[in-house]
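Data block for coords-v9.cif (mmCIF, C-alpha atoms and all ligand atoms):
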data_input
loop_
_atom_site.label_atom_id
_atom_site.label_comp_id
_atom_site.auth_asym_id
_atom_site.auth_seq_id
_atom_site.Cartn_x
_atom_site.Cartn_y
_atom_site.Cartn_z
CA MET F 92 0.00 0.00 0.00
CA ARG F 93 1.34 3.41 -0.87
CA GLY F 94 0.71 6.48 1.26
CA ILE F 95 -0.47 9.95 0.47
CA ARG F 96 1.63 11.77 -2.07
CA MET F 97 0.96 15.44 -2.50
CA LYS F 98 2.69 17.56 -5.06
CA GLU F 99 4.18 20.89 -4.18
CA GLY F 100 1.51 23.51 -4.43
CA ASP F 101 -1.31 21.15 -3.47
CA ALA F 102 -1.60 22.70 -0.04
CA GLU F 103 -2.12 26.08 -1.65
CA VAL F 104 -4.74 24.70 -4.00
CA ALA F 105 -6.40 23.00 -1.07
CA SER F 106 -6.60 26.13 1.03
CA ARG F 107 -7.84 28.19 -1.89
CA GLY F 108 -10.52 25.65 -2.63
CA ARG F 109 -11.68 25.42 0.95
CA GLY F 110 -11.87 29.20 1.21
CA TRP F 111 -14.18 29.18 -1.76
CA LEU F 112 -16.29 26.48 -0.13
CA ARG F 113 -16.54 28.39 3.12
CA MET F 114 -17.83 31.30 1.11
CA VAL F 115 -20.46 29.19 -0.62
CA GLY F 116 -21.48 27.64 2.68
CA ALA F 117 -21.83 31.01 4.38
CA LEU F 118 -23.71 32.56 1.50
CA SER F 119 -26.14 29.68 1.47
CA CYS F 120 -27.30 30.67 4.96
CA TYR F 121 -28.74 34.00 4.00
CA ALA F 122 -28.11 34.95 0.39
CA CYS F 123 -30.33 32.60 -1.56
CA PHE F 124 -32.84 35.26 -2.46
CA ALA F 125 -30.20 37.44 -4.06
CA LEU F 126 -27.86 34.75 -5.36
CA PRO F 127 -29.75 31.75 -6.71
CA LEU F 128 -26.46 30.26 -7.91
CA HIS F 129 -25.57 29.49 -4.33
CA CYS F 130 -28.86 27.88 -3.40
CA ALA F 131 -27.51 24.49 -4.40
CA ALA F 132 -25.68 24.50 -1.09
CA ALA F 133 -28.83 25.48 0.81
CA PRO F 134 -31.53 23.21 2.25
CA GLN F 135 -30.82 19.82 0.80
CA ASP F 136 -33.00 17.55 2.82
CA ALA F 137 -36.00 18.17 0.56
CA ALA F 138 -34.44 16.16 -2.28
CA GLN F 139 -35.85 12.73 -3.04
CA PRO F 140 -33.16 10.12 -2.41
CA LEU F 141 -31.49 8.81 -5.55
CA PRO F 142 -32.09 5.05 -5.92
CA VAL F 143 -28.99 3.13 -4.88
CA VAL F 144 -28.12 -0.53 -4.45
CA GLN F 145 -25.75 -1.95 -1.87
CA LEU F 146 -23.30 -3.88 -4.04
CA GLU F 147 -21.09 -4.83 -1.10
CA PRO F 148 -21.45 -4.11 2.62
CA GLY F 149 -21.06 -0.32 2.91
CA LEU F 150 -20.65 0.21 -0.85
CA TYR F 151 -23.67 1.80 -2.53
CA MET F 152 -24.06 2.62 -6.21
CA HIS F 153 -26.63 4.36 -8.37
CA ARG F 154 -27.07 3.07 -11.93
CA GLY F 155 -27.17 5.93 -14.42
CA GLN F 156 -29.21 5.70 -17.60
CA ASP F 157 -27.53 4.55 -20.82
CA ASP F 158 -28.05 7.81 -22.65
CA VAL F 159 -26.71 11.29 -23.27
CA ALA F 160 -27.97 14.03 -20.95
CA THR F 161 -31.54 15.06 -21.79
CA ARG F 162 -34.39 16.84 -20.04
CA ALA F 163 -36.10 13.45 -19.75
CA ASN F 164 -33.24 11.91 -17.76
CA GLY F 165 -32.12 15.12 -16.05
CA GLY F 166 -28.47 14.36 -16.77
CA ASP F 167 -28.59 11.18 -14.67
CA ILE F 168 -26.44 9.08 -17.01
CA ALA F 169 -23.37 8.01 -15.01
CA ASN F 170 -22.94 5.38 -12.31
CA ILE F 171 -22.19 7.20 -9.06
CA GLY F 172 -22.06 6.10 -5.45
CA PHE F 173 -20.59 6.19 -1.99
CA ILE F 174 -18.69 4.11 0.56
CA VAL F 175 -19.34 4.22 4.29
CA GLY F 176 -16.58 3.81 6.88
CA SER F 177 -16.81 3.89 10.68
CA ARG F 178 -15.79 7.58 10.75
CA CYS F 179 -17.17 9.12 7.54
CA VAL F 180 -18.43 8.69 4.00
CA ALA F 181 -16.65 9.01 0.65
CA VAL F 182 -18.73 9.95 -2.38
CA ILE F 183 -17.48 8.72 -5.74
CA ASP F 184 -18.78 10.96 -8.54
CA THR F 185 -21.79 13.16 -8.00
CA GLY F 186 -23.88 13.09 -11.16
CA GLY F 187 -24.76 15.48 -13.93
CA THR F 188 -26.46 18.31 -12.02
CA ALA F 189 -26.60 19.95 -8.61
CA ALA F 190 -30.06 18.37 -8.25
CA GLU F 191 -28.66 14.89 -8.79
CA GLY F 192 -25.96 15.63 -6.23
CA ARG F 193 -28.64 16.64 -3.72
CA ALA F 194 -30.52 13.42 -4.44
CA LEU F 195 -27.33 11.42 -3.89
CA ARG F 196 -26.77 13.26 -0.63
CA ALA F 197 -30.34 12.41 0.41
CA ALA F 198 -29.65 8.75 -0.41
CA ILE F 199 -26.59 8.84 1.86
CA ARG F 200 -28.75 10.23 4.65
CA THR F 201 -31.12 7.26 4.38
CA VAL F 202 -28.14 4.99 5.10
CA THR F 203 -25.98 6.85 7.63
CA PRO F 204 -25.73 10.12 9.59
CA LEU F 205 -21.92 10.07 9.30
CA PRO F 206 -20.29 13.12 7.70
CA VAL F 207 -19.17 13.19 4.08
CA CYS F 208 -15.40 13.68 4.32
CA TYR F 209 -14.40 13.06 0.71
CA VAL F 210 -16.05 13.77 -2.63
CA ILE F 211 -13.97 11.98 -5.25
CA ASN F 212 -14.23 12.65 -8.97
CA THR F 213 -13.06 9.93 -11.34
CA HIS F 214 -12.57 12.46 -14.17
CA MET F 215 -13.72 15.76 -15.62
CA HIS F 216 -16.85 14.84 -17.56
CA PRO F 217 -20.05 16.73 -16.73
CA ASP F 218 -22.10 13.64 -15.85
CA HIS F 219 -19.62 12.84 -13.05
CA ILE F 220 -18.89 16.26 -11.52
CA PHE F 221 -21.81 18.67 -11.60
CA GLY F 222 -23.36 17.28 -8.41
CA ASN F 223 -20.27 18.23 -6.35
CA VAL F 224 -21.78 21.53 -5.28
CA ALA F 225 -24.53 19.70 -3.37
CA PHE F 226 -21.85 18.66 -0.85
CA ALA F 227 -20.25 22.10 -0.42
CA ALA F 228 -21.89 22.69 2.97
CA ASP F 229 -20.39 19.41 4.24
CA TYR F 230 -16.87 20.85 3.80
CA PRO F 231 -15.41 17.63 2.42
CA GLN F 232 -12.13 17.37 0.61
CA PHE F 233 -12.93 17.32 -3.10
CA VAL F 234 -10.48 14.79 -4.51
CA GLY F 235 -9.31 14.33 -8.09
CA SER F 236 -6.34 13.80 -10.33
CA ALA F 237 -3.65 16.47 -10.27
CA THR F 238 -4.65 17.22 -13.87
CA LEU F 239 -8.38 17.53 -13.13
CA ALA F 240 -8.60 21.20 -12.18
CA GLU F 241 -6.94 22.47 -15.32
CA ALA F 242 -9.04 20.15 -17.49
CA GLU F 243 -12.22 21.39 -15.81
CA ALA F 244 -11.19 25.02 -16.15
CA SER F 245 -10.40 24.70 -19.83
CA HIS F 246 -13.76 23.02 -20.54
CA GLU F 247 -15.87 25.01 -18.11
CA GLU F 248 -17.38 27.41 -20.58
CA SER F 249 -18.45 24.70 -23.03
CA TYR F 250 -19.64 22.32 -20.30
CA MET F 251 -21.82 25.04 -18.75
CA ARG F 252 -23.20 26.14 -22.10
CA VAL F 253 -24.11 22.61 -23.21
CA LEU F 254 -25.57 21.74 -19.80
CA LYS F 255 -27.88 24.76 -19.87
CA ARG F 256 -28.80 24.13 -23.49
CA GLU F 257 -29.65 20.44 -22.96
CA LEU F 258 -31.19 20.58 -19.49
CA GLY F 259 -32.58 24.11 -19.15
CA ALA F 260 -33.80 24.83 -15.62
CA LEU F 261 -32.81 21.30 -14.53
CA ALA F 262 -29.21 22.55 -14.64
CA ASP F 263 -29.90 25.37 -12.16
CA GLY F 264 -27.25 25.67 -9.48
CA SER F 265 -24.84 23.36 -11.29
CA VAL F 266 -21.31 24.72 -11.12
CA ILE F 267 -17.88 23.17 -11.29
CA VAL F 268 -16.32 22.58 -7.88
CA PRO F 269 -12.63 21.83 -8.47
CA PRO F 270 -10.52 19.47 -6.36
CA THR F 271 -9.11 20.64 -3.03
CA LEU F 272 -6.94 17.52 -2.69
CA THR F 273 -5.16 16.15 -5.72
CA VAL F 274 -3.69 12.77 -6.58
CA SER F 275 -0.70 12.11 -8.78
CA GLY F 276 0.15 8.43 -8.74
CA SER F 277 -1.57 6.97 -5.70
CA MET F 278 -3.10 8.04 -2.42
CA THR F 279 -4.74 6.21 0.46
CA LEU F 280 -7.84 7.55 2.22
CA ASP F 281 -9.14 6.03 5.44
CA LEU F 282 -12.86 6.37 6.20
CA GLY F 283 -12.40 4.57 9.52
CA HIS F 284 -11.85 0.82 9.17
CA ARG F 285 -12.33 1.37 5.45
CA VAL F 286 -9.30 2.10 3.32
CA LEU F 287 -9.60 3.39 -0.24
CA ARG F 288 -6.66 3.34 -2.61
CA LEU F 289 -6.88 6.05 -5.24
CA GLN F 290 -4.83 5.82 -8.39
CA THR F 291 -4.31 7.99 -11.45
CA TRP F 292 -3.68 6.51 -14.88
CA LYS F 293 -1.94 7.03 -18.17
CA THR F 294 -4.13 9.25 -20.41
CA ALA F 295 -6.99 7.05 -21.67
CA HIS F 296 -10.68 8.00 -21.45
CA THR F 297 -9.39 11.47 -20.44
CA ASN F 298 -6.07 12.87 -19.22
CA ASN F 299 -7.39 12.91 -15.64
CA ASP F 300 -8.75 9.40 -15.02
CA LEU F 301 -8.70 8.21 -11.42
CA THR F 302 -9.89 4.93 -9.92
CA VAL F 303 -10.89 4.00 -6.38
CA TYR F 304 -10.04 0.58 -4.96
CA ASP F 305 -12.05 -0.39 -1.90
CA GLU F 306 -9.80 -2.79 0.02
CA ALA F 307 -12.56 -4.16 2.24
CA SER F 308 -14.63 -5.48 -0.65
CA GLY F 309 -11.92 -5.93 -3.28
CA THR F 310 -13.87 -3.60 -5.56
CA LEU F 311 -12.31 -1.29 -8.15
CA ILE F 312 -14.56 1.64 -8.99
CA ALA F 313 -13.18 2.30 -12.43
CA GLY F 314 -15.06 5.42 -13.50
CA ASP F 315 -15.07 5.63 -17.28
CA LEU F 316 -12.01 3.45 -17.72
CA LEU F 317 -14.65 0.73 -17.99
CA PHE F 318 -17.78 1.01 -20.13
CA VAL F 319 -20.13 -1.97 -20.10
CA GLN F 320 -22.49 -2.37 -23.08
CA CYS F 321 -22.26 1.39 -23.70
CA ILE F 322 -19.64 2.32 -26.29
CA PRO F 323 -16.31 3.49 -24.81
CA VAL F 324 -15.70 7.19 -25.52
CA ILE F 325 -12.17 8.35 -26.30
CA ASP F 326 -11.47 11.84 -25.00
CA GLY F 327 -7.83 11.06 -24.26
CA SER F 328 -5.80 8.29 -25.90
CA ALA F 329 -6.76 4.92 -27.40
CA LEU F 330 -3.19 3.65 -26.94
CA GLY F 331 -3.02 4.83 -23.33
CA TRP F 332 -6.38 3.21 -22.65
CA LEU F 333 -5.16 -0.15 -23.98
CA ASP F 334 -2.17 0.09 -21.63
CA ASP F 335 -4.46 0.94 -18.70
CA ILE F 336 -6.73 -2.01 -19.51
CA ALA F 337 -3.76 -4.36 -19.31
CA ALA F 338 -2.77 -2.85 -15.96
CA ILE F 339 -6.33 -3.13 -14.61
CA ARG F 340 -6.48 -6.77 -15.65
CA ALA F 341 -3.19 -7.38 -13.84
CA MET F 342 -4.66 -5.85 -10.67
CA ASN F 343 -7.24 -8.65 -10.79
CA PRO F 344 -9.76 -7.09 -8.39
CA ARG F 345 -12.65 -9.17 -7.15
CA ARG F 346 -15.17 -6.76 -8.66
CA ILE F 347 -15.05 -3.79 -11.04
CA VAL F 348 -17.82 -1.18 -11.11
CA PRO F 349 -18.05 0.59 -14.50
CA GLY F 350 -18.75 4.28 -15.06
CA HIS F 351 -21.51 3.39 -17.51
CA GLY F 352 -23.60 0.25 -17.97
CA PRO F 353 -24.76 -2.55 -15.65
CA LEU F 354 -23.14 -2.44 -12.21
CA ASP F 355 -22.90 -6.12 -11.56
CA VAL F 356 -21.46 -8.09 -14.47
CA PRO F 357 -18.33 -10.27 -14.73
CA TRP F 358 -15.66 -7.69 -15.41
CA GLN F 359 -13.30 -9.95 -17.34
CA ARG F 360 -15.71 -10.21 -20.26
CA ALA F 361 -16.62 -6.50 -20.16
CA LEU F 362 -12.99 -5.40 -20.07
CA ALA F 363 -12.18 -7.78 -22.93
CA ALA F 364 -14.99 -6.32 -25.04
CA GLU F 365 -13.78 -2.79 -24.41
CA GLN F 366 -10.20 -3.82 -25.21
CA ALA F 367 -11.30 -5.52 -28.45
CA TYR F 368 -13.14 -2.39 -29.62
CA LEU F 369 -10.21 -0.07 -28.89
CA ALA F 370 -7.65 -2.49 -30.38
CA ARG F 371 -9.75 -2.84 -33.52
CA LEU F 372 -9.97 0.93 -33.81
CA VAL F 373 -6.20 1.32 -33.46
CA HIS F 374 -5.53 -1.48 -35.96
CA ASP F 375 -7.94 -0.18 -38.60
CA VAL F 376 -6.94 3.46 -38.25
CA ARG F 377 -3.27 2.54 -38.64
CA ALA F 378 -4.14 0.58 -41.79
CA ALA F 379 -6.11 3.56 -43.14
CA LEU F 380 -3.19 5.87 -42.45
CA ARG F 381 -0.78 3.53 -44.22
CA GLN F 382 -3.10 3.59 -47.24
CA GLY F 383 -3.12 7.38 -47.21
CA GLN F 384 -6.82 7.67 -46.35
CA THR F 385 -8.16 10.99 -45.13
CA MET F 386 -9.79 11.31 -41.74
CA GLN F 387 -13.17 11.50 -43.46
CA GLN F 388 -12.54 8.27 -45.37
CA ALA F 389 -11.53 6.58 -42.14
CA VAL F 390 -14.61 7.85 -40.32
CA ASP F 391 -16.86 6.67 -43.14
CA THR F 392 -15.53 3.11 -43.19
CA ILE F 393 -13.93 1.96 -39.95
CA GLY F 394 -15.69 -0.21 -37.40
CA LEU F 395 -19.24 0.27 -38.68
CA ASP F 396 -20.01 -3.41 -38.07
CA GLU F 397 -19.48 -2.81 -34.34
CA ARG F 398 -22.85 -1.04 -34.25
CA GLY F 399 -24.79 -4.04 -32.98
CA LYS F 400 -22.47 -4.50 -30.02
CA TRP F 401 -22.78 -1.09 -28.36
CA ARG F 402 -25.40 1.30 -27.05
CA LEU F 403 -24.93 4.96 -28.16
CA PHE F 404 -22.81 3.76 -31.11
CA ASP F 405 -24.27 6.35 -33.50
CA ILE F 406 -23.43 9.20 -31.13
CA TYR F 407 -19.85 8.32 -30.25
CA HIS F 408 -18.28 5.87 -32.70
CA ARG F 409 -17.39 8.39 -35.41
CA ARG F 410 -15.92 10.69 -32.79
CA ASN F 411 -13.81 7.80 -31.58
CA VAL F 412 -12.44 7.12 -35.07
CA THR F 413 -11.67 10.84 -35.39
CA ALA F 414 -9.86 10.83 -32.04
CA ALA F 415 -7.87 7.71 -32.91
CA TYR F 416 -6.94 9.13 -36.31
CA ALA F 417 -5.73 12.39 -34.76
CA GLU F 418 -3.71 10.43 -32.22
CA LEU F 419 -2.17 7.88 -34.56
CA GLU F 420 -1.36 10.03 -37.57
CA TRP F 421 1.66 11.27 -35.65
CA GLU F 422 3.10 7.75 -35.67
CA GLN F 423 3.47 7.83 -39.45
ZN ZN J 501 -16.57 10.19 -19.02
#
Represent the structure from my file as structure tokens, please.
Ligand SMILES: [Zn+2]
Amino acid sequence: MRGIRMKEGDAEVASRGRGWLRMVGALSCYACFALPLHCAAAPQDAAQPLPVVQLEPGLYMHRGQDDVATRANGGDIANIGFIVGSRCVAVIDTGGTAAEGRALRAAIRTVTPLPVCYVINTHMHPDHIFGNVAFAADYPQFVGSATLAEAEASHEESYMRVLKRELGALADGSVIVPPTLTVSGSMTLDLGHRVLRLQTWKTAHTNNDLTVYDEASGTLIAGDLLFVQCIPVIDGSALGWLDDIAAIRAMNPRRIVPGHGPLDVPWQRALAAEQAYLARLVHDVRAALRQGQTMQQAVDTIGLDERGKWRLFDIYHRRNVTAAYAELEWEQ
């Protein structure tokens, strides 16, 4: 087991972040009439609890819908959850809106009165982070990869714009809450008789992927390093992802919880399917590049017979070919 490793400058980031949270918390006490943005941190007990299942003793997960964010699903499209120790609770991803975060918080309160001490984000994508603000008044450490804050900042404008466009008023109160505690390599968090091992990865789904290994149950919460039945989405590196898949297989955890798709399936088969899709993409894009095909030709031909294997294929597959082409053309 490796201990906490903090980079230089993390303490400063942490104190800055917590100052911001104190401000939000204080404002929520009296300023909601004037500043609706801050109301997400205000009375939270009214939220209906998000449905969760107890996958292992003390490990609860919510199954997101296999879809893109829409008004019908309210942005509830990622698997998110929490782990309960004897001292406190760690949340792992918070959902696509402040409202979903409040519902997750309400679900925690149906299980335990213990404080939320950590809110962990597995990566930058909106469906995993926009519920963070619902936990601001709990003053947790917000935990993420050392590369998360910059990735969030550089995407903030587009994430906010798309969220408001797709969800309208359902996005109200949703803001990005950056990490106050960052991980580069590995870090151990103890919830009281419950040790979590956090780990960052070679750029794969994104450049800020982080997993959580729950020692007590032998469960790896993989975030979007594992997609089950839903098509993997490359927003980082296909080659890096293939390396990470090999490393995850070598870890050989008892259980892996995916970021999207069914929570409780044999992970070996799911990881193999994801690996086969990415390997096929890399192989076919390299062949297209050798033949001098343009990106458009590659997008129009590669991997179309994978359609029957994956949900959301029509939305993400062409983007994946584009991403792989952009990555691999530099090999030539
Ligand atoms: Zn993602």
Inset, instruction - One decimal, Å: what's the distance from CA of Leu141 (chain F) over to CA of Tyr209 (chain F), could you say? - result: 18.7 Å
Legend entry - 10 Å contact set for region 340-354 of chain F, all atoms listed in the file, chain neighbours under 4 positions out, as a PyMOL selection string: chain F and resi 144+146-147+152-158+168-171+184+213+218-219+303-306+308-323+335-336+358-359+361-363+402
Inset, instruction - Return as a list in words every polymer residue, whether protein, DNA or RNA, with at least one atom no more than 7 Å from an atom of ligand ZN 501 (chain J); count all atoms listed in the file. - result: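 The neighbouring residues of ligand ZN 501 (chain J) are, in order, His214, His216, His296 and Asp315 of chain F.
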Inset, instruction - Figure out the distance between CA of Gly166 (chain F) and CA of Ile183 (chain F), please, to one decimal in Å. - result: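 Taking CA of Ile183 (chain F) as the start and CA of Gly166 (chain F) as the end point, the length is 16.6 Å.
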Inset, instruction - With a distance cut-off of 9 Å and all atoms listed in the file, select the neighbouring residues of Pro270 (chain F), excluding the residue or stretch itself and same-chain residues fewer than 3 positions from it, and output the selection as JSON, numbers by chain. - result: {"F": [104, 105, 108, 210, 211, 212, 232, 233, 234, 235, 236, 237, 239, 240, 273]}
Inset, instruction - Find the residues around Cys179 (chain F) up to 9 Å (all atoms listed in the file counted), leave out those fewer than 4 positions away in its own chain, and share them as a list in words. - result: Ile174, Val175, Pro204, Leu205, Pro206, Val207, Cys208, Tyr209, Asp281, Leu282 and Gly283 of chain F
Inset, instruction - Enter the distance from CA of Val324 (chain F) to CA of Arg410 (chain F), in Å, rounded to one decimal. - result: 8.1 Å
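Here the question is which of F:Asn223, F:Thr203, F:Asn411, F:Gln388 gets nearest to Gly264 (chain F) using all atoms listed in the file, and that residue is F:Asn223.
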Inset, instruction - Find the residue from F:Leu254, F:Ala337, F:Leu287, F:Ala181 that sits nearest to Arg162 (chain F); use only C-alpha atoms when measuring. - result: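 Nearest to Arg162 (chain F): F:Leu254.
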Inset, instruction - With a distance cut-off of 9 Å and all atoms listed in the file, select the neighbouring residues of region 187-194 of chain F, excluding the residue or stretch itself and same-chain residues fewer than 4 positions from it, and output the selection as a VMD selection string. - result: chain F and resid 131 to 132 135 to 142 160 165 to 169 198 to 199 216 to 226 254 261 to 266
Legend entry - Pick from F:Ala364, F:Ala415, F:Ile325, F:Leu272, whichever lies nearest to Glu397 (chain F) using all atoms listed in the file: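 Among the listed residues, F:Ala364 lies closest to Glu397 (chain F).
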